[in-house]
Amino acid sequence: MTGSTHKTTTRMPTARRRHLVVEADGGSRGNPGVAGYGALVREVDGTLLAERAAPLGTASNNVAEYTGLIEGLRAVLDLGLAAGATIEVRMDSKLVVEQMSGRWKIKHEDMRRLARQAQEFVDTIEADGGTVSYTWIPREDNAAADALSNVGMDGETVRRDHSGDTTEDHSGDTAGSGAHPERVQPTFGEVKAPVSDEVFSTETDPTLEGSCRLILVRHGVTDFTRSHKLDGRGGSNPPLNEDGLAQAAAAAGAVKRLVDRSGPTPIQVVTSSLTRAMQTGGAVADALGVSPEVDRDWDEQAFGDWDGATMADLVTHSGAELLALRQDPAYARPGGESRTQLMSRVTAALGRAVARGGTVVVATHRLPVMMVLSQVLGLDSNRAWSIATAPASLTAFEFWPDGGVQVAFVNDTHHLHDLT
């Protein structure tokens, strides 16, 4: 009798890949200024695994954002979660996401150094069978990491690891009596020095990124500026005085240095039709080696019958009307225009400037600069009066193809410090 043998095949279970999310952010109060980062590690279902935050001394937004990424990846490795994990990094920094994804070049040395450090952690994760991808998210969707970065900017250090129902809190407060908190020894990566021992970034000069880099230059001073006289579209249209010409030259040099630091793009210079802006824009255009174009929609607000009046006289004799001009968007002087009309034409001019792409420098006036800040930041135009925009100051924006925009800096006057 021939027996038959039945072979039983046992299928080994396939290990399920772990899906993790790293949320990271960083900020700087001054850019560069007091900086801090924040990072979290979550399961894909939202379960919180780790929180990190710390101050960074004086650093830029971009340095702080990169540091948030690095510390989020470090947390994954510290917790031993990298093996076979699918890791999605979510950040509201378009710059970091695009650069780490390899779609944008990294020009600044600080950024290259930090990107290399982040990539070393990615390489370690991949060597352990994991993968890392990057996703840009709106700022409002990155609130937890943003809140942690603000904790870091406030001088506090957070290192909380969550496991099941327990939480290990190794946080320390670096802003106390001067004694350093006990340093946490990570299982992977270098130990950071306290902020009092180390300034993290050597970056002190801003650079610009984006599909359109918009630099607004307020004109230099005129005799009207010195006398605190209103001078709008359709008025006396005085030229720059001697001080104003020196300011325009200094602003032109500052714009040239900023453009050179930020990397090559097509460059265009636009000015309002008023003489003082055309002179300021002409100096900038000469420094950049381009010819300026005139766009009248960048002109100062028309003040009508008040053109040439001093602020002191208006406060004394026309206080209620002056308050209306400042607070009522529909109020206009005879022969002048309202703030609503001003906002309409400046918004149109802004759209044309951004559509040009590359680097666009606009020589304009105080109120148009305020209108752009109102538009970009979603401010009530009355609140924009709280933002200083000095003669010959620079204000810069970064615009992205998806409609995102970042205010890089406001009212930069460092180039005027050596003028007498």
# chains A, B, ... in the order shown; residues from 1 in each chain; ligands from 1
$ residues_around --residues "Ala384 (chain A)" --least-positions-apart "4" --cutoff "7 Å" --atoms "only C-alpha atoms" --output "ChimeraX atom specification"
/A:370,374,379-380
$ select_by_dssp --residues "region 29-247 of chain A" --states "strand (DSSP E or B)" --output "PyMOL selection string"
chain A and resi 29+33-43+48-59+86-91+131-136+156-163+166-169+172-173+212-218+222+229+240
$ residues_around --residues "Leu49 (chain A)" --least-positions-apart "5" --cutoff "6 Å" --atoms "only C-alpha atoms" --output "list of chain:residue names"
A:Val41, A:Arg42, A:Asp161, A:His162
$ write_last_selection --atoms "C-alpha atoms" --output "PDB file, in the first residue's frame"
ATOM      1  CA  VAL A  41       6.490  62.551  16.015  1.00  0.00           C
ATOM      2  CA  ARG A  42       3.077  60.901  15.633  1.00  0.00           C
ATOM      3  CA  ASP A 161       8.602  60.921  24.905  1.00  0.00           C
ATOM      4  CA  HIS A 162       5.166  59.274  25.023  1.00  0.00           C
TER       5      HIS A 162
END
$ residues_around --residues "Val96 (chain A)" --least-positions-apart "4" --cutoff "12 Å" --atoms "only C-alpha atoms" --output "JSON, numbers by chain"
{"A": [24, 25, 26, 61, 62, 63, 64, 65, 66, 67, 68, 69, 70, 89, 90, 91, 92, 100, 101, 102, 103, 104, 105, 106, 111, 112, 114, 115, 118, 119, 134, 135, 136, 137, 209, 210]}
$ write_last_selection --atoms "C-alpha atoms" --output "PDB file, in the first residue's frame"
ATOM      1  CA  ALA A  24       8.296  70.372  12.324  1.00  0.00           C
ATOM      2  CA  ASP A  25       8.562  74.154  12.443  1.00  0.00           C
ATOM      3  CA  GLY A  26      10.857  76.952  13.529  1.00  0.00           C
ATOM      4  CA  ASN A  61      13.568  81.594  10.242  1.00  0.00           C
ATOM      5  CA  ASN A  62      15.083  79.236   7.696  1.00  0.00           C
ATOM      6  CA  VAL A  63      17.755  77.979  10.102  1.00  0.00           C
ATOM      7  CA  ALA A  64      15.096  77.419  12.770  1.00  0.00           C
ATOM      8  CA  GLU A  65      12.845  75.529  10.335  1.00  0.00           C
ATOM      9  CA  TYR A  66      15.684  73.272   9.202  1.00  0.00           C
ATOM     10  CA  THR A  67      16.572  72.613  12.836  1.00  0.00           C
ATOM     11  CA  GLY A  68      12.979  71.574  13.543  1.00  0.00           C
ATOM     12  CA  LEU A  69      13.253  69.034  10.719  1.00  0.00           C
ATOM     13  CA  ILE A  70      16.578  67.720  12.023  1.00  0.00           C
ATOM     14  CA  VAL A  89       7.625  64.962   7.181  1.00  0.00           C
ATOM     15  CA  ARG A  90       5.000  67.702   7.181  1.00  0.00           C
ATOM     16  CA  MET A  91       6.097  71.348   7.290  1.00  0.00           C
ATOM     17  CA  ASP A  92       4.683  74.736   6.349  1.00  0.00           C
ATOM     18  CA  MET A 100      14.958  68.505   0.815  1.00  0.00           C
ATOM     19  CA  SER A 101      12.847  66.993  -1.980  1.00  0.00           C
ATOM     20  CA  GLY A 102      15.602  67.991  -4.417  1.00  0.00           C
ATOM     21  CA  ARG A 103      13.462  70.313  -6.515  1.00  0.00           C
ATOM     22  CA  TRP A 104      15.117  73.579  -5.443  1.00  0.00           C
ATOM     23  CA  LYS A 105      18.805  74.366  -5.232  1.00  0.00           C
ATOM     24  CA  ILE A 106      20.317  75.303  -1.885  1.00  0.00           C
ATOM     25  CA  MET A 111      21.170  75.948   4.555  1.00  0.00           C
ATOM     26  CA  ARG A 112      23.534  73.538   2.790  1.00  0.00           C
ATOM     27  CA  LEU A 114      21.750  71.943   7.748  1.00  0.00           C
ATOM     28  CA  ALA A 115      20.378  70.089   4.725  1.00  0.00           C
ATOM     29  CA  ALA A 118      19.135  66.305   7.838  1.00  0.00           C
ATOM     30  CA  GLN A 119      20.085  64.069   4.908  1.00  0.00           C
ATOM     31  CA  TYR A 134       8.211  65.555   2.492  1.00  0.00           C
ATOM     32  CA  THR A 135       4.814  67.283   2.307  1.00  0.00           C
ATOM     33  CA  TRP A 136       4.066  71.004   2.446  1.00  0.00           C
ATOM     34  CA  ILE A 137       1.057  71.898   4.590  1.00  0.00           C
ATOM     35  CA  GLU A 209      13.562  82.704  -2.272  1.00  0.00           C
ATOM     36  CA  GLY A 210      10.337  82.173  -4.203  1.00  0.00           C
TER      37      GLY A 210
END
$ residues_around --residues "region 393-407 of chain A" --least-positions-apart "2" --cutoff "6 Å" --atoms "only C-alpha atoms" --output "PDB file with all heavy atoms, in the first residue's frame"
ATOM      1  N   GLY A 210      11.677  82.023  -3.654  1.00  0.00           N
ATOM      2  CA  GLY A 210      10.337  82.173  -4.203  1.00  0.00           C
ATOM      3  C   GLY A 210      10.341  82.387  -5.699  1.00  0.00           C
ATOM      4  O   GLY A 210      11.343  82.746  -6.316  1.00  0.00           O
ATOM      5  N   SER A 211       9.169  82.163  -6.319  1.00  0.00           N
ATOM      6  CA  SER A 211       9.044  82.382  -7.761  1.00  0.00           C
ATOM      7  C   SER A 211       9.054  83.860  -8.097  1.00  0.00           C
ATOM      8  O   SER A 211       9.410  84.257  -9.200  1.00  0.00           O
ATOM      9  CB  SER A 211       7.751  81.738  -8.279  1.00  0.00           C
ATOM     10  OG  SER A 211       6.628  82.275  -7.594  1.00  0.00           O
ATOM     11  N   CYS A 212       8.638  84.697  -7.131  1.00  0.00           N
ATOM     12  CA  CYS A 212       8.795  86.149  -7.255  1.00  0.00           C
ATOM     13  C   CYS A 212       9.334  86.682  -5.937  1.00  0.00           C
ATOM     14  O   CYS A 212       8.762  86.435  -4.879  1.00  0.00           O
ATOM     15  CB  CYS A 212       7.482  86.844  -7.599  1.00  0.00           C
ATOM     16  SG  CYS A 212       7.646  88.656  -7.669  1.00  0.00           S
ATOM     17  N   ARG A 213      10.439  87.395  -6.026  1.00  0.00           N
ATOM     18  CA  ARG A 213      11.037  88.042  -4.861  1.00  0.00           C
ATOM     19  C   ARG A 213      10.795  89.538  -5.032  1.00  0.00           C
ATOM     20  O   ARG A 213      11.395  90.180  -5.898  1.00  0.00           O
ATOM     21  CB  ARG A 213      12.528  87.734  -4.803  1.00  0.00           C
ATOM     22  CG  ARG A 213      12.831  86.240  -4.876  1.00  0.00           C
ATOM     23  CD  ARG A 213      14.281  85.963  -5.226  1.00  0.00           C
ATOM     24  NE  ARG A 213      14.515  84.538  -5.381  1.00  0.00           N
ATOM     25  CZ  ARG A 213      15.711  84.019  -5.657  1.00  0.00           C
ATOM     26  NH1 ARG A 213      16.759  84.820  -5.815  1.00  0.00           N
ATOM     27  NH2 ARG A 213      15.849  82.722  -5.796  1.00  0.00           N
ATOM     28  N   LEU A 214       9.899  90.070  -4.228  1.00  0.00           N
ATOM     29  CA  LEU A 214       9.483  91.457  -4.368  1.00  0.00           C
ATOM     30  C   LEU A 214      10.150  92.300  -3.292  1.00  0.00           C
ATOM     31  O   LEU A 214      10.004  92.032  -2.099  1.00  0.00           O
ATOM     32  CB  LEU A 214       7.963  91.571  -4.251  1.00  0.00           C
ATOM     33  CG  LEU A 214       7.383  92.986  -4.320  1.00  0.00           C
ATOM     34  CD1 LEU A 214       7.604  93.601  -5.703  1.00  0.00           C
ATOM     35  CD2 LEU A 214       5.892  92.968  -3.973  1.00  0.00           C
ATOM     36  N   ILE A 215      10.869  93.323  -3.713  1.00  0.00           N
ATOM     37  CA  ILE A 215      11.541  94.245  -2.795  1.00  0.00           C
ATOM     38  C   ILE A 215      10.936  95.631  -2.996  1.00  0.00           C
ATOM     39  O   ILE A 215      11.018  96.196  -4.086  1.00  0.00           O
ATOM     40  CB  ILE A 215      13.054  94.299  -3.060  1.00  0.00           C
ATOM     41  CG1 ILE A 215      13.665  92.891  -3.031  1.00  0.00           C
ATOM     42  CG2 ILE A 215      13.743  95.213  -2.039  1.00  0.00           C
ATOM     43  CD1 ILE A 215      15.090  92.826  -3.549  1.00  0.00           C
ATOM     44  N   LEU A 216      10.308  96.161  -1.962  1.00  0.00           N
ATOM     45  CA  LEU A 216       9.743  97.500  -2.008  1.00  0.00           C
ATOM     46  C   LEU A 216      10.721  98.467  -1.361  1.00  0.00           C
ATOM     47  O   LEU A 216      11.155  98.260  -0.223  1.00  0.00           O
ATOM     48  CB  LEU A 216       8.400  97.560  -1.274  1.00  0.00           C
ATOM     49  CG  LEU A 216       7.297  96.623  -1.782  1.00  0.00           C
ATOM     50  CD1 LEU A 216       6.002  96.869  -1.009  1.00  0.00           C
ATOM     51  CD2 LEU A 216       7.062  96.803  -3.280  1.00  0.00           C
ATOM     52  N   VAL A 217      11.084  99.509  -2.087  1.00  0.00           N
ATOM     53  CA  VAL A 217      12.013 100.521  -1.589  1.00  0.00           C
ATOM     54  C   VAL A 217      11.255 101.836  -1.475  1.00  0.00           C
ATOM     55  O   VAL A 217      10.760 102.362  -2.481  1.00  0.00           O
ATOM     56  CB  VAL A 217      13.220 100.692  -2.533  1.00  0.00           C
ATOM     57  CG1 VAL A 217      14.215 101.694  -1.948  1.00  0.00           C
ATOM     58  CG2 VAL A 217      13.902  99.352  -2.792  1.00  0.00           C
ATOM     59  N   ARG A 218      11.147 102.348  -0.256  1.00  0.00           N
ATOM     60  CA  ARG A 218      10.554 103.669  -0.125  1.00  0.00           C
ATOM     61  C   ARG A 218      11.583 104.708  -0.573  1.00  0.00           C
ATOM     62  O   ARG A 218      12.791 104.558  -0.325  1.00  0.00           O
ATOM     63  CB  ARG A 218      10.124 103.947   1.315  1.00  0.00           C
ATOM     64  CG  ARG A 218       9.356 105.267   1.420  1.00  0.00           C
ATOM     65  CD  ARG A 218       8.948 105.620   2.829  1.00  0.00           C
ATOM     66  NE  ARG A 218       8.406 106.975   2.852  1.00  0.00           N
ATOM     67  CZ  ARG A 218       8.174 107.684   3.949  1.00  0.00           C
ATOM     68  NH1 ARG A 218       8.440 107.172   5.139  1.00  0.00           N
ATOM     69  NH2 ARG A 218       7.708 108.913   3.867  1.00  0.00           N
ATOM     70  N   ALA A 390      10.332 103.683   6.974  1.00  0.00           N
ATOM     71  CA  ALA A 390      11.127 104.908   6.926  1.00  0.00           C
ATOM     72  C   ALA A 390      11.565 105.232   5.503  1.00  0.00           C
ATOM     73  O   ALA A 390      11.607 104.355   4.626  1.00  0.00           O
ATOM     74  CB  ALA A 390      12.351 104.754   7.821  1.00  0.00           C
ATOM     75  N   PRO A 391      11.917 106.490   5.230  1.00  0.00           N
ATOM     76  CA  PRO A 391      12.475 106.843   3.919  1.00  0.00           C
ATOM     77  C   PRO A 391      13.695 105.978   3.595  1.00  0.00           C
ATOM     78  O   PRO A 391      14.542 105.723   4.454  1.00  0.00           O
ATOM     79  CB  PRO A 391      12.861 108.315   4.087  1.00  0.00           C
ATOM     80  CG  PRO A 391      11.923 108.830   5.126  1.00  0.00           C
ATOM     81  CD  PRO A 391      11.746 107.683   6.089  1.00  0.00           C
ATOM     82  N   PHE A 409      11.187  90.594   5.447  1.00  0.00           N
ATOM     83  CA  PHE A 409      11.557  91.600   6.434  1.00  0.00           C
ATOM     84  C   PHE A 409      10.843  92.897   6.102  1.00  0.00           C
ATOM     85  O   PHE A 409      10.355  93.089   4.983  1.00  0.00           O
ATOM     86  CB  PHE A 409      13.078  91.817   6.511  1.00  0.00           C
ATOM     87  CG  PHE A 409      13.730  92.169   5.198  1.00  0.00           C
ATOM     88  CD1 PHE A 409      13.736  93.471   4.722  1.00  0.00           C
ATOM     89  CD2 PHE A 409      14.354  91.192   4.437  1.00  0.00           C
ATOM     90  CE1 PHE A 409      14.335  93.800   3.515  1.00  0.00           C
ATOM     91  CE2 PHE A 409      14.959  91.501   3.223  1.00  0.00           C
ATOM     92  CZ  PHE A 409      14.944  92.818   2.762  1.00  0.00           C
ATOM     93  N   VAL A 410      10.773  93.792   7.080  1.00  0.00           N
ATOM     94  CA  VAL A 410      10.059  95.062   6.943  1.00  0.00           C
ATOM     95  C   VAL A 410      10.944  96.188   7.466  1.00  0.00           C
ATOM     96  O   VAL A 410      11.608  96.042   8.494  1.00  0.00           O
ATOM     97  CB  VAL A 410       8.727  95.035   7.734  1.00  0.00           C
ATOM     98  CG1 VAL A 410       8.028  96.395   7.677  1.00  0.00           C
ATOM     99  CG2 VAL A 410       7.804  93.943   7.205  1.00  0.00           C
ATOM    100  N   ASN A 411      10.968  97.317   6.735  1.00  0.00           N
ATOM    101  CA  ASN A 411      11.598  98.551   7.214  1.00  0.00           C
ATOM    102  C   ASN A 411      13.075  98.346   7.533  1.00  0.00           C
ATOM    103  O   ASN A 411      13.575  98.813   8.566  1.00  0.00           O
ATOM    104  CB  ASN A 411      10.856  99.089   8.446  1.00  0.00           C
ATOM    105  CG  ASN A 411      11.229 100.516   8.775  1.00  0.00           C
ATOM    106  OD1 ASN A 411      11.453 101.340   7.895  1.00  0.00           O
ATOM    107  ND2 ASN A 411      11.306 100.836  10.068  1.00  0.00           N
ATOM    108  N   ASP A 412      13.794  97.676   6.649  1.00  0.00           N
ATOM    109  CA  ASP A 412      15.236  97.494   6.840  1.00  0.00           C
ATOM    110  C   ASP A 412      15.954  98.792   6.467  1.00  0.00           C
ATOM    111  O   ASP A 412      15.882  99.251   5.328  1.00  0.00           O
ATOM    112  CB  ASP A 412      15.722  96.344   5.955  1.00  0.00           C
ATOM    113  CG  ASP A 412      17.218  96.086   6.095  1.00  0.00           C
ATOM    114  OD1 ASP A 412      17.854  96.720   6.959  1.00  0.00           O
ATOM    115  OD2 ASP A 412      17.743  95.257   5.333  1.00  0.00           O
ATOM    116  N   THR A 413      16.660  99.382   7.429  1.00  0.00           N
ATOM    117  CA  THR A 413      17.388 100.639   7.195  1.00  0.00           C
ATOM    118  C   THR A 413      18.859 100.525   7.578  1.00  0.00           C
ATOM    119  O   THR A 413      19.531 101.529   7.799  1.00  0.00           O
ATOM    120  CB  THR A 413      16.760 101.785   8.009  1.00  0.00           C
ATOM    121  OG1 THR A 413      16.770 101.444   9.402  1.00  0.00           O
ATOM    122  CG2 THR A 413      15.319 102.055   7.578  1.00  0.00           C
TER     123      THR A 413
END
$ closest_residue --among "A:Pro138, A:Pro368, A:Gly357, A:Gly84" --to "Arg233 (chain A)" --atoms "only C-alpha atoms"
A:Pro368
$ closest_residue --among "A:Val346, A:Ala145, A:Ala388, A:Val259" --to "Thr364 (chain A)" --atoms "only C-alpha atoms"
A:Val346
$ closest_residue --among "A:Ala35, A:Ala85, A:Ala59, A:Ala248" --to "Ser133 (chain A)" --atoms "only C-alpha atoms"
A:Ala85
$ residues_around --residues "region 324-335 of chain A" --least-positions-apart "6" --cutoff "8 Å" --atoms "only C-alpha atoms" --output "VMD selection string"
chain A and resid 302 to 306 382
$ write_last_selection --atoms "C-alpha atoms" --output "mmCIF file, in the first residue's frame"
data_model
loop_
_atom_site.group_PDB
_atom_site.id
_atom_site.type_symbol
_atom_site.label_atom_id
_atom_site.label_comp_id
_atom_site.auth_asym_id
_atom_site.auth_seq_id
_atom_site.Cartn_x
_atom_site.Cartn_y
_atom_site.Cartn_z
ATOM 1 C CA ALA A 302 -3.468 111.854 -3.833
ATOM 2 C CA PHE A 303 -4.176 114.319 -1.016
ATOM 3 C CA GLY A 304 -5.973 116.910 -3.148
ATOM 4 C CA ASP A 305 -6.321 120.330 -1.514
ATOM 5 C CA TRP A 306 -4.150 119.198 1.393
ATOM 6 C CA ASN A 382 -5.971 101.088 9.979
#
$ atom_distance --atom1 "CA of Asp313 (chain A)" --atom2 "CA of Ser386 (chain A)"
22.2 Å
$ select_by_dssp --residues "region 19-263 of chain A" --states "alpha helix (DSSP H)" --output "PyMOL selection string"
chain A and resi 61-78+94-100+109-127+143-153+223-226+242-262
$ decode --residues "region 379-390 of chain A" --atoms "all heavy atoms" --output "CSV table (one decimal), in the first residue's frame"
chain,number,residue,atom,x,y,z
A,379,LEU,N,-4.4,92.4,7.1
A,379,LEU,CA,-4.6,93.4,8.2
A,379,LEU,C,-5.6,94.4,7.7
A,379,LEU,O,-5.7,94.8,6.6
A,379,LEU,CB,-3.3,94.2,8.4
A,379,LEU,CG,-2.1,93.5,9.0
A,379,LEU,CD1,-0.9,94.4,9.1
A,379,LEU,CD2,-2.4,92.9,10.3
A,380,ASP,N,-6.4,94.9,8.7
A,380,ASP,CA,-7.2,96.1,8.5
A,380,ASP,C,-6.2,97.2,8.2
A,380,ASP,O,-5.2,97.4,8.8
A,380,ASP,CB,-8.0,96.4,9.7
A,380,ASP,CG,-8.9,97.6,9.6
A,380,ASP,OD1,-8.4,98.7,9.6
A,380,ASP,OD2,-10.1,97.4,9.4
A,381,SER,N,-6.6,98.0,7.2
A,381,SER,CA,-5.6,99.1,6.8
A,381,SER,C,-5.3,100.1,7.9
A,381,SER,O,-4.3,100.7,7.9
A,381,SER,CB,-6.1,99.8,5.5
A,381,SER,OG,-7.4,100.3,5.7
A,382,ASN,N,-6.3,100.2,8.8
A,382,ASN,CA,-6.0,101.1,10.0
A,382,ASN,C,-4.8,100.5,10.8
A,382,ASN,O,-4.0,101.3,11.4
A,382,ASN,CB,-7.2,101.3,10.9
A,382,ASN,CG,-8.3,102.1,10.2
A,382,ASN,OD1,-8.0,103.0,9.4
A,382,ASN,ND2,-9.5,101.8,10.4
A,383,ARG,N,-4.8,99.2,11.0
A,383,ARG,CA,-3.7,98.6,11.7
A,383,ARG,C,-2.4,98.8,11.1
A,383,ARG,O,-1.3,98.8,11.7
A,383,ARG,CB,-4.0,97.1,11.9
A,383,ARG,CG,-5.2,96.8,12.8
A,383,ARG,CD,-5.0,97.2,14.2
A,383,ARG,NE,-3.8,96.5,14.8
A,383,ARG,CZ,-3.1,96.9,15.8
A,383,ARG,NH1,-3.4,98.1,16.4
A,383,ARG,NH2,-2.1,96.2,16.3
A,384,ALA,N,-2.4,98.9,9.7
A,384,ALA,CA,-1.1,99.0,9.0
A,384,ALA,C,-0.3,100.3,9.4
A,384,ALA,O,0.9,100.4,9.2
A,384,ALA,CB,-1.3,99.0,7.5
A,385,TRP,N,-1.1,101.3,9.9
A,385,TRP,CA,-0.4,102.5,10.4
A,385,TRP,C,0.6,102.2,11.5
A,385,TRP,O,1.5,103.0,11.8
A,385,TRP,CB,-1.4,103.6,10.9
A,385,TRP,CG,-2.1,104.2,9.8
A,385,TRP,CD1,-3.4,103.9,9.3
A,385,TRP,CD2,-1.7,105.3,8.9
A,385,TRP,NE1,-3.8,104.8,8.3
A,385,TRP,CE2,-2.8,105.6,8.1
A,385,TRP,CE3,-0.5,106.1,8.9
A,385,TRP,CZ2,-2.7,106.6,7.1
A,385,TRP,CZ3,-0.4,107.1,7.9
A,385,TRP,CH2,-1.5,107.4,7.1
A,386,SER,N,0.5,101.1,12.1
A,386,SER,CA,1.4,100.7,13.2
A,386,SER,C,2.7,100.2,12.7
A,386,SER,O,3.6,100.0,13.5
A,386,SER,CB,0.7,99.6,14.1
A,386,SER,OG,-0.5,100.1,14.7
A,387,ILE,N,2.9,100.0,11.4
A,387,ILE,CA,4.1,99.5,10.8
A,387,ILE,C,4.9,100.6,10.3
A,387,ILE,O,4.5,101.4,9.5
A,387,ILE,CB,3.8,98.5,9.7
A,387,ILE,CG1,2.9,97.3,10.2
A,387,ILE,CG2,5.1,97.9,9.1
A,387,ILE,CD1,2.4,96.4,9.1
A,388,ALA,N,6.1,100.7,10.8
A,388,ALA,CA,7.0,101.8,10.4
A,388,ALA,C,7.6,101.5,9.0
A,388,ALA,O,8.0,100.3,8.7
A,388,ALA,CB,8.2,102.0,11.4
A,389,THR,N,7.7,102.5,8.1
A,389,THR,CA,8.3,102.3,6.8
A,389,THR,C,9.1,103.6,6.6
A,389,THR,O,8.6,104.6,6.0
A,389,THR,CB,7.3,102.0,5.7
A,389,THR,OG1,6.3,103.0,5.8
A,389,THR,CG2,6.7,100.7,5.8
A,390,ALA,N,10.3,103.7,7.0
A,390,ALA,CA,11.1,104.9,6.9
A,390,ALA,C,11.6,105.2,5.5
A,390,ALA,O,11.6,104.4,4.6
A,390,ALA,CB,12.4,104.8,7.8
